[in-house]
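Next comes upload19.cif, a file with mmCIF, C-alpha atoms.
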data_structure
loop_
_atom_site.label_atom_id
_atom_site.label_comp_id
_atom_site.auth_asym_id
_atom_site.auth_seq_id
_atom_site.Cartn_x
_atom_site.Cartn_y
_atom_site.Cartn_z
CA MET G 1 3.61 -5.36 22.66
CA PRO G 2 3.71 -2.88 19.77
CA TYR G 3 0.77 -0.64 19.04
CA LYS G 4 -1.63 -1.96 16.39
CA ILE G 5 -2.82 0.65 13.91
CA CYS G 6 -5.50 -0.09 11.32
CA ILE G 7 -5.28 2.12 8.21
CA ASN G 8 -8.36 2.23 6.01
CA ALA G 9 -7.85 3.29 2.40
CA GLY G 10 -11.23 4.75 1.58
CA HIS G 11 -13.48 2.97 -0.96
CA GLY G 12 -12.51 -0.06 -3.06
CA LYS G 13 -13.83 -3.42 -4.24
CA LYS G 14 -17.24 -4.54 -3.02
CA ASN G 15 -18.57 -8.00 -2.23
CA ASN G 16 -20.70 -7.99 -5.39
CA SER G 17 -17.50 -7.68 -7.48
CA SER G 18 -18.18 -4.03 -8.34
CA VAL G 19 -15.81 -1.25 -7.30
CA ASP G 20 -16.68 1.78 -5.22
CA VAL G 21 -14.14 4.20 -6.69
CA GLY G 22 -15.17 7.10 -4.46
CA ALA G 23 -14.77 10.63 -5.81
CA VAL G 24 -13.50 11.20 -9.35
CA GLY G 25 -11.45 14.24 -10.32
CA ILE G 26 -11.87 16.39 -13.42
CA THR G 27 -9.18 14.39 -15.25
CA GLY G 28 -10.64 11.08 -14.09
CA TYR G 29 -8.29 10.43 -11.16
CA LYS G 30 -10.09 8.17 -8.69
CA GLU G 31 -10.19 8.48 -4.92
CA TYR G 32 -9.65 4.81 -4.15
CA ILE G 33 -6.36 4.85 -6.07
CA GLU G 34 -5.05 7.81 -4.08
CA THR G 35 -6.18 6.49 -0.70
CA LYS G 36 -4.55 3.08 -1.24
CA GLU G 37 -1.25 4.65 -2.18
CA LEU G 38 -1.30 6.86 0.90
CA ALA G 39 -2.36 4.02 3.21
CA ASP G 40 0.51 1.84 1.97
CA LEU G 41 3.01 4.66 2.48
CA VAL G 42 1.73 5.39 6.00
CA SER G 43 1.89 1.69 6.85
CA VAL G 44 5.53 1.39 5.82
CA LYS G 45 6.52 4.50 7.76
CA LEU G 46 4.78 3.25 10.90
CA LYS G 47 6.44 -0.16 10.60
CA PHE G 48 9.81 1.59 10.47
CA ASN G 49 8.89 3.00 13.88
CA GLY G 50 7.93 -0.30 15.48
CA ILE G 51 4.16 -0.15 14.88
CA GLU G 52 2.14 -3.15 13.73
CA THR G 53 -0.23 -2.18 10.91
CA LEU G 54 -3.18 -3.54 8.96
CA VAL G 55 -4.20 -1.83 5.71
CA ILE G 56 -7.83 -2.37 4.71
CA GLN G 57 -9.40 -1.28 1.43
CA ASP G 58 -12.95 -2.48 0.98
CA GLY G 59 -16.02 -0.87 -0.56
CA ASP G 60 -18.30 -2.46 2.06
CA LEU G 61 -18.13 -0.46 5.28
CA TRP G 62 -19.20 -3.29 7.58
CA ASP G 63 -16.32 -5.35 6.22
CA VAL G 64 -13.94 -2.52 7.09
CA THR G 65 -15.09 -2.08 10.67
CA ASN G 66 -15.49 -5.82 11.33
CA LEU G 67 -11.94 -6.47 10.15
CA ALA G 68 -10.57 -3.67 12.32
CA ASN G 69 -12.52 -4.86 15.36
CA ASN G 70 -11.58 -8.51 14.90
CA TRP G 71 -7.91 -7.54 14.54
CA LYS G 72 -8.28 -5.62 17.84
CA ALA G 73 -6.54 -2.50 16.61
CA ASP G 74 -5.53 0.14 19.13
CA TYR G 75 -6.39 2.97 16.71
CA PHE G 76 -8.15 3.32 13.36
CA ILE G 77 -7.37 5.90 10.67
CA SER G 78 -9.45 6.27 7.50
CA ILE G 79 -7.98 8.24 4.57
CA HIS G 80 -10.25 9.94 2.03
CA CYS G 81 -10.34 12.62 -0.67
CA ASN G 82 -13.11 15.20 -0.58
CA SER G 83 -15.45 16.16 -3.42
CA VAL G 84 -18.30 18.64 -3.90
CA SER G 85 -20.04 20.26 -6.86
CA ASP G 86 -18.18 23.55 -6.40
CA PRO G 87 -14.69 23.19 -7.96
CA SER G 88 -13.35 26.07 -5.86
CA ALA G 89 -13.85 24.17 -2.59
CA HIS G 90 -10.44 23.36 -1.13
CA GLY G 91 -8.47 22.32 1.91
CA VAL G 92 -7.95 19.63 4.53
CA GLU G 93 -10.33 18.57 7.27
CA THR G 94 -10.12 15.82 9.88
CA PHE G 95 -12.99 14.13 11.72
CA SER G 96 -13.53 12.34 15.00
CA LEU G 97 -16.76 11.01 16.47
CA ALA G 98 -16.73 13.43 19.42
CA THR G 99 -14.94 16.55 20.62
CA VAL G 100 -13.28 14.67 23.49
CA GLY G 101 -11.43 11.40 23.93
CA LYS G 102 -8.47 9.65 22.33
CA GLY G 103 -10.01 9.84 18.87
CA ARG G 104 -10.17 13.62 19.08
CA LEU G 105 -6.63 13.84 20.41
CA LEU G 106 -5.35 11.66 17.57
CA ALA G 107 -7.26 13.77 15.04
CA GLN G 108 -5.63 16.91 16.46
CA GLU G 109 -2.11 15.53 16.03
CA ILE G 110 -2.71 14.28 12.50
CA HIS G 111 -4.39 17.51 11.42
CA LYS G 112 -1.66 19.61 13.00
CA GLU G 113 0.90 17.84 10.80
CA LEU G 114 -1.17 17.79 7.61
CA ILE G 115 -1.75 21.54 7.30
CA PRO G 116 1.90 22.68 7.05
CA ALA G 117 2.90 19.56 5.12
CA THR G 118 0.29 20.05 2.39
CA GLY G 119 0.18 23.83 2.39
CA LEU G 120 -3.57 23.61 1.89
CA TYR G 121 -6.36 25.60 3.51
CA ASP G 122 -7.22 24.55 7.07
CA ARG G 123 -10.87 23.46 7.19
CA GLN G 124 -10.41 22.62 10.86
CA LEU G 125 -11.22 19.65 13.05
CA LYS G 126 -14.80 18.44 12.85
CA THR G 127 -17.08 15.74 14.24
CA ALA G 128 -19.24 13.35 12.23
CA ASN G 129 -21.34 10.25 12.78
CA TYR G 130 -19.58 8.32 9.99
CA HIS G 131 -19.85 4.54 10.03
CA VAL G 132 -16.11 3.99 10.38
CA LEU G 133 -15.98 6.35 13.37
CA ARG G 134 -19.12 4.99 15.02
CA GLU G 135 -18.77 1.23 14.51
CA THR G 136 -15.11 0.79 15.39
CA ASN G 137 -14.25 -0.45 18.88
CA MET G 138 -11.17 1.75 19.13
CA PRO G 139 -10.43 5.49 18.84
CA ALA G 140 -10.98 6.40 15.19
CA VAL G 141 -10.17 9.28 12.85
CA LEU G 142 -11.17 10.09 9.27
CA THR G 143 -9.12 12.63 7.34
CA GLU G 144 -9.99 14.28 4.02
CA ILE G 145 -6.62 15.21 2.52
CA GLY G 146 -7.95 17.59 -0.15
CA PHE G 147 -10.61 17.97 -2.85
CA LEU G 148 -10.52 15.81 -5.98
CA SER G 149 -13.20 18.16 -7.31
CA ASN G 150 -10.67 21.01 -7.19
CA PRO G 151 -8.39 20.82 -10.26
CA LYS G 152 -5.35 22.17 -8.40
CA GLU G 153 -5.70 19.72 -5.55
CA GLU G 154 -6.39 16.81 -7.90
CA ALA G 155 -3.11 17.64 -9.66
CA LEU G 156 -1.30 17.51 -6.32
CA MET G 157 -2.73 14.09 -5.55
CA LYS G 158 -1.36 12.73 -8.83
CA ASP G 159 2.17 13.74 -7.77
CA PRO G 160 4.03 11.01 -5.81
CA ALA G 161 6.19 13.66 -4.13
CA TRP G 162 3.09 15.24 -2.59
CA ASP G 163 1.86 11.81 -1.48
CA GLU G 164 5.16 11.36 0.33
CA LYS G 165 4.57 14.62 2.25
CA VAL G 166 1.02 13.64 3.16
CA SER G 167 1.93 10.15 4.32
CA ASN G 168 4.82 11.52 6.38
CA ALA G 169 2.45 13.95 8.07
CA ILE G 170 -0.14 11.29 8.91
CA ALA G 171 2.48 8.88 10.25
CA LYS G 172 4.15 11.63 12.28
CA GLY G 173 0.82 12.73 13.75
CA ILE G 174 0.02 9.17 14.81
CA LEU G 175 3.39 8.71 16.46
CA GLU G 176 3.22 12.09 18.18
CA HIS G 177 -0.07 11.01 19.75
CA LEU G 178 1.53 7.75 20.89
CA GLY G 179 4.51 9.58 22.36
CA ILE G 180 6.96 8.02 19.89
CA LYS G 181 9.58 10.15 18.16
CA TYR G 182 9.14 9.88 14.39
CA SER G 183 12.08 8.40 12.54
CA THR G 184 12.48 8.03 8.78
CA ASN G 185 15.14 5.37 9.30
CA ASN G 186 14.56 1.68 9.89
CA ASN G 187 14.93 1.20 13.65
CA GLN G 188 14.27 -2.53 13.57
CA GLY G 189 17.89 -3.64 13.34
CA GLY G 190 18.28 -3.03 9.62
CA GLU G 191 15.96 -5.87 8.62
CA ASP G 192 13.86 -5.62 5.49
CA MET G 193 10.45 -4.30 6.45
CA LEU G 194 8.52 -5.59 3.45
CA ASP G 195 8.47 -9.11 2.06
CA ILE G 196 6.99 -7.99 -1.26
CA ALA G 197 6.50 -4.57 -2.83
CA ILE G 198 5.31 -3.26 -6.19
CA LEU G 199 6.91 -0.35 -8.03
CA LEU G 200 4.94 1.40 -10.76
CA TYR G 201 6.51 3.54 -13.45
CA SER G 202 3.57 5.94 -13.20
CA LYS G 203 0.06 6.10 -11.80
CA GLU G 204 -1.22 4.98 -15.22
CA ASP G 205 0.01 1.51 -14.26
CA TYR G 206 -2.13 1.42 -11.12
CA TRP G 207 -4.76 -0.98 -12.49
CA SER G 208 -2.05 -3.51 -13.30
CA GLY G 209 -0.36 -2.92 -9.97
CA THR G 210 -3.46 -3.52 -7.89
CA ASP G 211 -4.06 -6.89 -9.59
CA VAL G 212 -0.50 -8.00 -8.80
CA SER G 213 -0.92 -6.67 -5.26
CA ASP G 214 -4.10 -8.71 -4.77
CA LYS G 215 -2.30 -11.86 -5.95
CA ASN G 216 0.49 -11.26 -3.42
CA GLY G 217 -1.59 -10.62 -0.32
CA ASN G 218 -2.45 -6.96 -0.85
CA CYS G 219 1.19 -5.87 -0.66
CA ALA G 220 2.36 -2.25 -0.75
CA ILE G 221 2.35 -0.31 -4.01
CA PHE G 222 4.87 2.46 -4.70
CA ILE G 223 4.96 4.91 -7.60
CA ARG G 224 8.16 6.46 -8.91
CA PRO G 225 8.40 10.24 -8.40
CA ALA G 226 8.95 12.62 -11.31
CA ASP G 227 12.72 12.03 -11.30
CA LYS G 228 12.01 8.26 -11.63
CA SER G 229 14.08 7.42 -8.55
CA VAL G 230 13.15 4.35 -6.53
CA PRO G 231 11.61 4.89 -3.06
CA LYS G 232 13.95 3.38 -0.49
CA ASP G 233 11.12 1.41 1.12
CA ALA G 234 10.51 -0.37 -2.18
CA MET G 235 14.21 -1.00 -2.79
CA ASN G 236 14.58 -2.49 0.70
CA SER G 237 11.84 -5.08 0.10
CA LYS G 238 12.76 -8.76 -0.18
CA LYS G 239 11.00 -9.10 -3.54
CA LEU G 240 10.10 -6.25 -5.89
CA PHE G 241 7.69 -6.33 -8.82
CA VAL G 242 8.57 -3.58 -11.32
CA ILE G 243 5.59 -2.73 -13.51
CA GLY G 244 6.35 -0.48 -16.47
CA GLY G 245 9.77 1.00 -17.18
CA GLU G 246 13.16 -0.61 -16.99
CA THR G 247 14.91 -2.70 -14.37
CA VAL G 248 15.91 -0.97 -11.13
CA LYS G 249 18.52 -3.66 -10.41
CA HIS G 250 16.76 -4.93 -7.29
CA PRO G 251 18.43 -8.20 -6.18
CA ASN G 252 15.12 -10.10 -6.34
CA GLU G 253 13.23 -8.28 -9.06
CA ILE G 254 10.36 -9.44 -11.23
CA LEU G 255 10.03 -7.16 -14.26
CA LEU G 256 6.55 -6.91 -15.75
CA SER G 257 7.03 -4.35 -18.50
CA GLY G 258 6.44 -3.90 -22.20
CA SER G 259 7.44 -1.37 -24.83
CA ASN G 260 4.19 0.54 -24.13
CA LYS G 261 1.29 0.42 -21.67
CA TYR G 262 -0.43 -2.31 -23.68
CA GLY G 263 2.71 -4.45 -23.59
CA THR G 264 2.96 -3.90 -19.85
CA ALA G 265 -0.68 -4.91 -19.40
CA GLN G 266 0.01 -8.11 -21.38
CA ALA G 267 3.06 -8.90 -19.24
CA VAL G 268 0.98 -8.48 -16.09
CA TYR G 269 -1.83 -10.61 -17.54
CA SER G 270 0.60 -13.41 -18.36
CA TYR G 271 1.99 -13.29 -14.81
CA LEU G 272 -1.50 -13.42 -13.30
CA GLN G 273 -2.36 -16.40 -15.49
CA GLY G 274 0.82 -18.18 -14.42
CA LYS G 275 2.34 -18.18 -17.90
#
Can you turn what I pasted into structure tokens?
Amino acid sequence: MPYKICINAGHGKKNNSSVDVGAVGITGYKEYIETKELADLVSVKLKFNGIETLVIQDGDLWDVTNLANNWKADYFISIHCNSVSDPSAHGVETFSLATVGKGRLLAQEIHKELIPATGLYDRQLKTANYHVLRETNMPAVLTEIGFLSNPKEEALMKDPAWDEKVSNAIAKGILEHLGIKYSTNNNQGGEDMLDIAILLYSKEDYWSGTDVSDKNGNCAIFIRPADKSVPKDAMNSKKLFVIGGETVKHPNEILLSGSNKYGTAQAVYSYLQGK
């Protein structure tokens, strides 16, 4: 049986229909957008290496831990962005519930990969009595991948190329802990790993993308890097929604784009309404 890894994208929609956006950067970039993108990327990379994954984004913490426990995950990883009042605060830190055990060992491997991959200051391994670490029935880790309150680190988080480095590091750390050699190639016989994926022209299209993702079972969202190339994981999906920008010539593509962001939003709205 493959390992089952639950990946929690920190913050998100709450049961009362509000949204817990988490931290907000100086330019308005929101934590829950960044964590969902990273969680989706980590999930795809783990699936390429034979791991079964469940991505959870929920603003109600009991929902998060109950879902993970009911799914009977082997490990739980929660991804967050840090924020404090001092804009000079910087760096990466990773938490476990205790200084011993499988949770701590997993935290060590993930943190060891994140520091060189991000190039950010090492704030070290720490312990905390966080809900997602305490109430999960499996070894659990929470990592803070940088400070949204730091303008330089917020700018990094808005760059899809940096997100690729971070997600690679987290996936590699998980697999190192499991004793599995990390591969960036599909080792599952060349089969498509994703039934449905969403490709955004830029992070400005995220609000539209998350609505389409919700309609299609919370499927993975990808954002084009600065050179506007298409991530291979998105191109390998069985169906690809392209939101914003031009066609990418995917064999089963649904293009939801307009001549500007308002036209794109209208195209997405019409799709959601079934028009």
Shell around Ile170 (chain G) at 12 Å using all atoms listed in the file, local window under 5 positions removed, as JSON, numbers by chain: {"G": [7, 38, 39, 40, 41, 42, 43, 44, 45, 46, 77, 78, 79, 94, 106, 107, 108, 109, 110, 111, 112, 113, 114, 115, 116, 117, 118, 141, 142, 143, 144, 145, 163, 164, 165, 175, 176, 177, 182]}
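Distances from G:Ala155, G:Val242, G:Ala68, G:Met1 to Arg224 (chain G) were compared using only C-alpha atoms, and the smallest one belongs to G:Val242.
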For His80 (chain G): contacts at 12 Å, all atoms listed in the file, fewer than 2 positions along chain excluded, given as a VMD selection string: chain G and resid 7 to 12 21 to 24 30 to 39 57 77 to 78 82 to 83 92 to 95 132 141 to 148 157 166
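Within a radius of 7 Å around (-11.7, -2.0, 7.2), the polymer residues are Asn8, Ile56, Gln57, Asp58, Leu61, Asp63, Val64, Thr65, Asn66, Leu67 and Ala68 of chain G, counting all atoms listed in the file.
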Which residue out of G:Ser237, G:Thr136, G:Asn16, G:Asn252 has the minimum interatomic distance to Asp195 (chain G) when only C-alpha atoms are used? G:Ser237
With distances taken over only C-alpha atoms, the candidate from G:Leu199, G:Leu272, G:Cys81, G:Leu97 nearest Glu153 (chain G) is G:Cys81
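Under the PyMOL selection byres ((chain G and resi 258-266) around 7), the matching residues in the shown file are Ser208, Ile243, Gly244, Leu256, Ser257, Ala267, Val268, Tyr269 and Ser270 of chain G.
Separating CA of Lys72 (chain G) from CA of Ala128 (chain G) is a distance of 22.6 Å.
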Padded axis-aligned box of region 73-85 of chain G (5 Å per side), centre and edge lengths, Å, one decimal, as lines of an AutoDock Vina configuration file:
center_x = -12.8
center_y = 8.9
center_z = 6.1
size_x = 24.5
size_y = 32.8
size_z = 36.0
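Distances to Ile198 (chain G) were evaluated for G:Glu253, G:Glu246, G:Asp227, G:Asp74 using all atoms listed in the file, and the minimum falls at G:Glu253.
Among the candidates G:Ile180, G:Lys158, G:Gly28, G:Pro87, the one nearest to Ile51 (chain G) when counting all atoms listed in the file is G:Ile180.
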Kindly extract all protein, DNA and RNA residues lying within 9 Å of the coordinates (-11.7, 5.1, 18.1) given in the file, considering all atoms listed in the file, and supply them as a ChimeraX atom specification. /G:74-77,96-97,101-104,132-141
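For the choices G:Ser202, G:Lys14, G:Asn218, G:Gly179, the atom-to-atom distance to Gly245 (chain G) is smallest for G:Ser202 when using all atoms listed in the file.
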Show me that you can extract region 213-230 of chain G, keeping N, CA and C atoms, and write it as a short mmCIF file (atom, residue, chain, number, x, y, z; two decimals), in the first residue's frame.
data_model
loop_
_atom_site.label_atom_id
_atom_site.label_comp_id
_atom_site.auth_asym_id
_atom_site.auth_seq_id
_atom_site.Cartn_x
_atom_site.Cartn_y
_atom_site.Cartn_z
N SER G 213 -11.87 25.55 -9.55
CA SER G 213 -11.33 24.41 -8.83
C SER G 213 -12.38 23.80 -7.91
N ASP G 214 -13.11 24.63 -7.19
CA ASP G 214 -14.16 24.14 -6.29
C ASP G 214 -15.21 23.35 -7.08
N LYS G 215 -15.58 23.86 -8.26
CA LYS G 215 -16.60 23.20 -9.07
C LYS G 215 -16.13 21.84 -9.58
N ASN G 216 -14.82 21.65 -9.68
CA ASN G 216 -14.26 20.42 -10.22
C ASN G 216 -13.54 19.59 -9.16
N GLY G 217 -14.07 19.64 -7.94
CA GLY G 217 -13.54 18.76 -6.90
C GLY G 217 -12.25 19.21 -6.28
N ASN G 218 -12.02 20.53 -6.22
CA ASN G 218 -10.82 21.07 -5.59
C ASN G 218 -9.56 20.58 -6.30
N CYS G 219 -9.57 20.69 -7.63
CA CYS G 219 -8.44 20.20 -8.43
C CYS G 219 -7.25 21.16 -8.35
N ALA G 220 -6.11 20.70 -8.81
CA ALA G 220 -4.86 21.45 -8.69
C ALA G 220 -4.87 22.71 -9.56
N ILE G 221 -4.27 23.77 -9.01
CA ILE G 221 -4.15 25.04 -9.71
C ILE G 221 -2.67 25.30 -9.99
N PHE G 222 -2.35 25.64 -11.23
CA PHE G 222 -0.99 26.00 -11.61
C PHE G 222 -0.97 27.43 -12.14
N ILE G 223 0.15 28.11 -11.95
CA ILE G 223 0.31 29.47 -12.44
C ILE G 223 1.52 29.52 -13.36
N ARG G 224 1.36 30.14 -14.53
CA ARG G 224 2.47 30.20 -15.48
C ARG G 224 3.63 31.01 -14.88
N PRO G 225 4.86 30.54 -15.06
CA PRO G 225 6.02 31.32 -14.63
C PRO G 225 6.19 32.56 -15.50
N ALA G 226 7.23 33.34 -15.20
CA ALA G 226 7.43 34.62 -15.89
C ALA G 226 7.58 34.45 -17.40
N ASP G 227 8.15 33.33 -17.84
CA ASP G 227 8.34 33.13 -19.28
C ASP G 227 7.07 32.61 -19.95
N LYS G 228 5.98 32.45 -19.16
CA LYS G 228 4.67 32.02 -19.64
C LYS G 228 4.67 30.60 -20.22
N SER G 229 5.65 29.80 -19.84
CA SER G 229 5.65 28.39 -20.23
C SER G 229 4.57 27.66 -19.44
N VAL G 230 4.27 26.45 -19.85
CA VAL G 230 3.22 25.67 -19.19
C VAL G 230 3.87 24.58 -18.34
#
